[in-house]
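Colleague: Here's a structure for you.
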Amino acid sequence: MVNIKNIGNTFLLFSLIYFATEQKAHAYIDPNTGSYLFQIVLASLLGGSYVFKSNIANFFNGIKSKVIKSESEKTTKTKRG
Amino acid sequence: MIAPIKKITSSYLIRAYTRHLHKKNYLIKHTEQKTTHYYKKLKPEKIPFVSYPYEWCFDQLKDAAPLTLKIQKEALKHEMILKDASAYNIQFLNGKPIHIDTLSFEKYEQGKPWVAYKQFCQHFLAPLLLMSYVDVQLNKLLILFIDGVPLDTAARILPKKCVANPFILTHIFLHAKSIKKFEGTTEANISTRTISKNAQLGLIDNLEKNINKLSLKKYSTEWESYYENTNYSKEADSSKVAIINEWVEKTKPANAWDLGANTGKYSRLLSNRNIFTVSLDIDPNAVNQNYKISNKNGGTHILPLLLDLTNPSPSIGWDNTERLSLTQRTKPELVLALALIHHLAIGNNLPFEKLAEFFGSITIKWLIIEYIPKEDSNAQKLLANRKDIFTDYTQKRFETEFLNYFKIIEQKPINQSKRVLYLMERKDA
């Protein structure tokens, strides 16, 4: 059985190793160190899937607009004919 | 309220972006005022009644959360970013959530993470998950925690099965663990690693999609089906509606509170006349239904909210002045108190003396109140399992106490019912 606690600790350990350098942050509200680091890791993982889904959506939207344009051109030619 | 502000950097970007949000009705509109002392002075459009997230039903909080995320997404596309994500930046206007803090924006620095992510999770995500997975009343935790429900607290309350949900596991459980792991750090030591805009958008998109999927567990509450089970005959109901309509026409209030409004049936007699009505009830399912009905009907003059009259929202925050108690907020010209008085007097042991004083303090002018005699079947239900100690609960005593604060303008019995409706006017109005 998968131990969720171990997964969580492993995730955090890799985060700590990955982000070795440090810098002060200045913000209107306190972003909280732990939350900031966590967001960097999580967003990096989610960003890839977001770009992939956006590209798929753009691809199909592109096809859809080409089909609509082509249908509209056909209708115009039929009327002139 | 006028908001004097000092010089804003990247003011052109902010002006352009706020105009964009105004068009979408995401951000409250404002007018610029003349000033010599400040860079800009903004007067926002007035919100008719300020409400707080612990007074919102589930669907109101669920609509407020994605609005914040949509604004953040739009902000990133315009090289801007929200510098906070407080639920108190959202109010309800014309029946819909709207962002009210025009000063929440700053220029986006490439690669910088969202500083308000933790605040968003505490103010919106944690309460929504607690309401959805544990108990619909847990948004009241926001009264105790002024900056939102701490994520470790939410993690302890949520059932263990939530760990199997990747969305909850990441944004609540692992997020809380990370916060705990790095707490006590003496400096704000944060990695120079940046995250791309697409990574940010991916995070926002993930939050938005999953919040939109949340729903309330199906369990019944005491008053959610009240109007299906009342003791009014059709004739009695029509009589009550006719009397209220007549008195609303007579009093012509600009605004109203409907106390014990349930799903807002009588609130809509006012709001459909464009009388702004705050429709208050203790039952979370009833308020949620009220909100859904209003949305479906495009109701712009009704604001359903949660209220326990025996324990209304207190003043909270710094010096107990940041968030006002119910009675400190804009008072109405008319208060409706229908099918309510027996619950307060018999159900909650409140004498007429105290009730009259309270109603006298919350209305600017008018009160429409329904007297329910002890012989009424619903009043009898309240006495079914207890000794009747309410010797002062009589119509005469009711009138005597209310006459200390009000003039009785009219009283009319409801047909086919033992109940009596009163139209009262405050003595010092």
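Please note that chains go A, B, ... in the order of the structure tokens, that every chain numbers its residues from 1, and that ligands are numbered from 1 in the order shown.
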Counting only C-alpha atoms, which residues of chain B come no farther than 8 Å from chain A, as a PyMOL selection string?

Modeller: chain B and resi 83-84+113-119+163+170+174-183+185+187-196+198-203+205-206

Colleague: Using N, CA and C atoms, can you export the residues from the last selection as a compact mmCIF listing (two decimals), in the first residue's frame?

Modeller:
```txt
# COMPACT_ATOMS: atom_id res chain seq x y z
N LYS B 83 -2.10 41.32 -6.13
CA LYS B 83 -1.15 41.22 -5.02
C LYS B 83 -1.77 40.63 -3.75
N ASP B 84 -3.10 40.44 -3.78
CA ASP B 84 -3.73 39.67 -2.71
C ASP B 84 -4.94 38.95 -3.27
N PRO B 113 6.49 34.10 -8.69
CA PRO B 113 5.29 33.35 -8.33
C PRO B 113 4.20 34.28 -7.77
N TRP B 114 2.98 33.72 -7.64
CA TRP B 114 1.85 34.48 -7.15
C TRP B 114 1.92 34.55 -5.63
N VAL B 115 2.13 35.75 -5.10
CA VAL B 115 2.30 35.88 -3.65
C VAL B 115 1.01 35.58 -2.90
N ALA B 116 -0.14 35.65 -3.59
CA ALA B 116 -1.43 35.49 -2.91
C ALA B 116 -1.99 34.07 -3.00
N TYR B 117 -1.19 33.13 -3.48
CA TYR B 117 -1.68 31.76 -3.65
C TYR B 117 -2.12 31.16 -2.33
N LYS B 118 -1.32 31.33 -1.28
CA LYS B 118 -1.68 30.78 0.03
C LYS B 118 -2.95 31.44 0.54
N GLN B 119 -3.04 32.75 0.37
CA GLN B 119 -4.22 33.46 0.84
C GLN B 119 -5.47 32.98 0.11
N VAL B 163 -7.35 12.67 0.78
CA VAL B 163 -5.95 12.53 0.38
C VAL B 163 -5.85 11.82 -0.97
N THR B 170 -2.76 18.06 -3.21
CA THR B 170 -1.72 19.05 -3.51
C THR B 170 -2.00 20.39 -2.83
N LEU B 174 -0.42 18.74 0.93
CA LEU B 174 1.02 18.94 0.69
C LEU B 174 1.40 20.40 0.89
N HIS B 175 0.50 21.28 0.50
CA HIS B 175 0.72 22.72 0.69
C HIS B 175 0.90 23.00 2.18
N ALA B 176 0.03 22.43 3.02
CA ALA B 176 0.12 22.62 4.47
C ALA B 176 1.42 22.05 5.02
N LYS B 177 1.81 20.91 4.50
CA LYS B 177 3.06 20.28 4.94
C LYS B 177 4.26 21.16 4.62
N SER B 178 4.24 21.74 3.43
CA SER B 178 5.34 22.61 3.01
C SER B 178 5.43 23.84 3.90
N ILE B 179 4.28 24.41 4.23
CA ILE B 179 4.24 25.58 5.11
C ILE B 179 4.83 25.23 6.47
N LYS B 180 4.42 24.08 6.99
CA LYS B 180 4.88 23.63 8.30
C LYS B 180 6.39 23.38 8.28
N LYS B 181 6.85 22.77 7.20
CA LYS B 181 8.26 22.41 7.08
C LYS B 181 9.17 23.63 7.16
N PHE B 182 8.74 24.73 6.57
CA PHE B 182 9.61 25.91 6.49
C PHE B 182 9.21 27.01 7.46
N GLU B 183 8.33 26.71 8.39
CA GLU B 183 7.94 27.76 9.34
C GLU B 183 9.08 28.00 10.33
N THR B 185 11.35 30.16 9.75
CA THR B 185 12.50 30.71 9.02
C THR B 185 12.62 32.18 9.39
N GLU B 187 14.35 34.61 7.87
CA GLU B 187 14.29 35.56 6.75
C GLU B 187 13.32 35.02 5.71
N ALA B 188 12.92 35.87 4.79
CA ALA B 188 12.08 35.39 3.69
C ALA B 188 13.00 34.80 2.63
N ASN B 189 13.57 33.60 2.96
CA ASN B 189 14.53 32.98 2.04
C ASN B 189 13.80 32.22 0.96
N ILE B 190 13.74 32.79 -0.19
CA ILE B 190 12.98 32.17 -1.26
C ILE B 190 13.86 32.02 -2.49
N SER B 191 13.71 30.89 -3.10
CA SER B 191 14.58 30.55 -4.21
C SER B 191 14.50 31.58 -5.33
N THR B 192 15.61 31.71 -6.04
CA THR B 192 15.60 32.59 -7.21
C THR B 192 15.00 31.90 -8.41
N ARG B 193 14.65 30.62 -8.26
CA ARG B 193 14.00 29.93 -9.38
C ARG B 193 12.72 30.65 -9.73
N THR B 194 12.55 30.84 -11.02
CA THR B 194 11.34 31.52 -11.45
C THR B 194 10.36 30.49 -11.99
N ILE B 195 9.14 30.91 -12.15
CA ILE B 195 8.19 30.05 -12.85
C ILE B 195 7.63 30.84 -14.02
N SER B 196 7.41 30.16 -15.11
CA SER B 196 6.95 30.84 -16.32
C SER B 196 5.51 31.28 -16.14
N ASN B 198 3.19 30.57 -18.16
CA ASN B 198 2.34 29.41 -18.46
C ASN B 198 2.19 28.50 -17.24
N ALA B 199 3.24 28.40 -16.45
CA ALA B 199 3.15 27.61 -15.21
C ALA B 199 2.16 28.25 -14.26
N GLN B 200 2.22 29.57 -14.16
CA GLN B 200 1.26 30.30 -13.33
C GLN B 200 -0.16 30.08 -13.83
N LEU B 201 -0.32 30.20 -15.14
CA LEU B 201 -1.65 30.03 -15.71
C LEU B 201 -2.14 28.59 -15.50
N GLY B 202 -1.21 27.65 -15.55
CA GLY B 202 -1.57 26.26 -15.29
C GLY B 202 -2.08 26.06 -13.87
N LEU B 203 -1.44 26.71 -12.92
CA LEU B 203 -1.87 26.63 -11.52
C LEU B 203 -3.27 27.22 -11.37
N ASP B 205 -5.52 27.70 -13.68
CA ASP B 205 -6.47 26.89 -14.44
C ASP B 205 -6.87 25.65 -13.64
N ASN B 206 -5.91 25.03 -12.99
CA ASN B 206 -6.16 23.84 -12.17
C ASN B 206 -7.10 24.18 -11.01
```

Colleague: Within 10 Å of Lys29 in chain B, counting only C-alpha atoms, which residues show up once you throw out same-chain ones fewer than 6 positions away? Write them as a PyMOL selection string, please.

Modeller: chain B and resi 18-19+21-23+42-46+98-100+102

Colleague: Any chance you could tabulate, as a Markdown table, the residues of range 242-360 of chain B at most 9 Å from range 399-407 of chain B with each one's nearest atom pair and distance in Å to one decimal, using only C-alpha atoms, in chain and rising number order?

Modeller:
```
| residue | atom | partner | partner_atom | distance |
| --- | --- | --- | --- | --- |
| B:Phe352 | CA | B:Glu401 | CA | 6.2 |
| B:Glu353 | CA | B:Glu401 | CA | 5.4 |
| B:Lys354 | CA | B:Glu401 | CA | 8.7 |
| B:Leu355 | CA | B:Phe402 | CA | 8.2 |
| B:Ala356 | CA | B:Phe402 | CA | 4.9 |
| B:Glu357 | CA | B:Tyr405 | CA | 7.0 |
| B:Phe359 | CA | B:Tyr405 | CA | 8.6 |
| B:Gly360 | CA | B:Tyr405 | CA | 5.7 |
```

Colleague: So how far away is CA of Pro253 in chain B from CA of Asn274 in chain B, in Å?

Modeller: 10.2 Å

Colleague: Write out as a PyMOL selection string the set of residues from range 155-381 of chain B that DSSP, computed on the backbone, places in alpha helix (DSSP H).

Modeller: chain B and resi 155-157+166-168+175-181+197-212+234-251+267-271+284-296+341-342+352-362+377-381
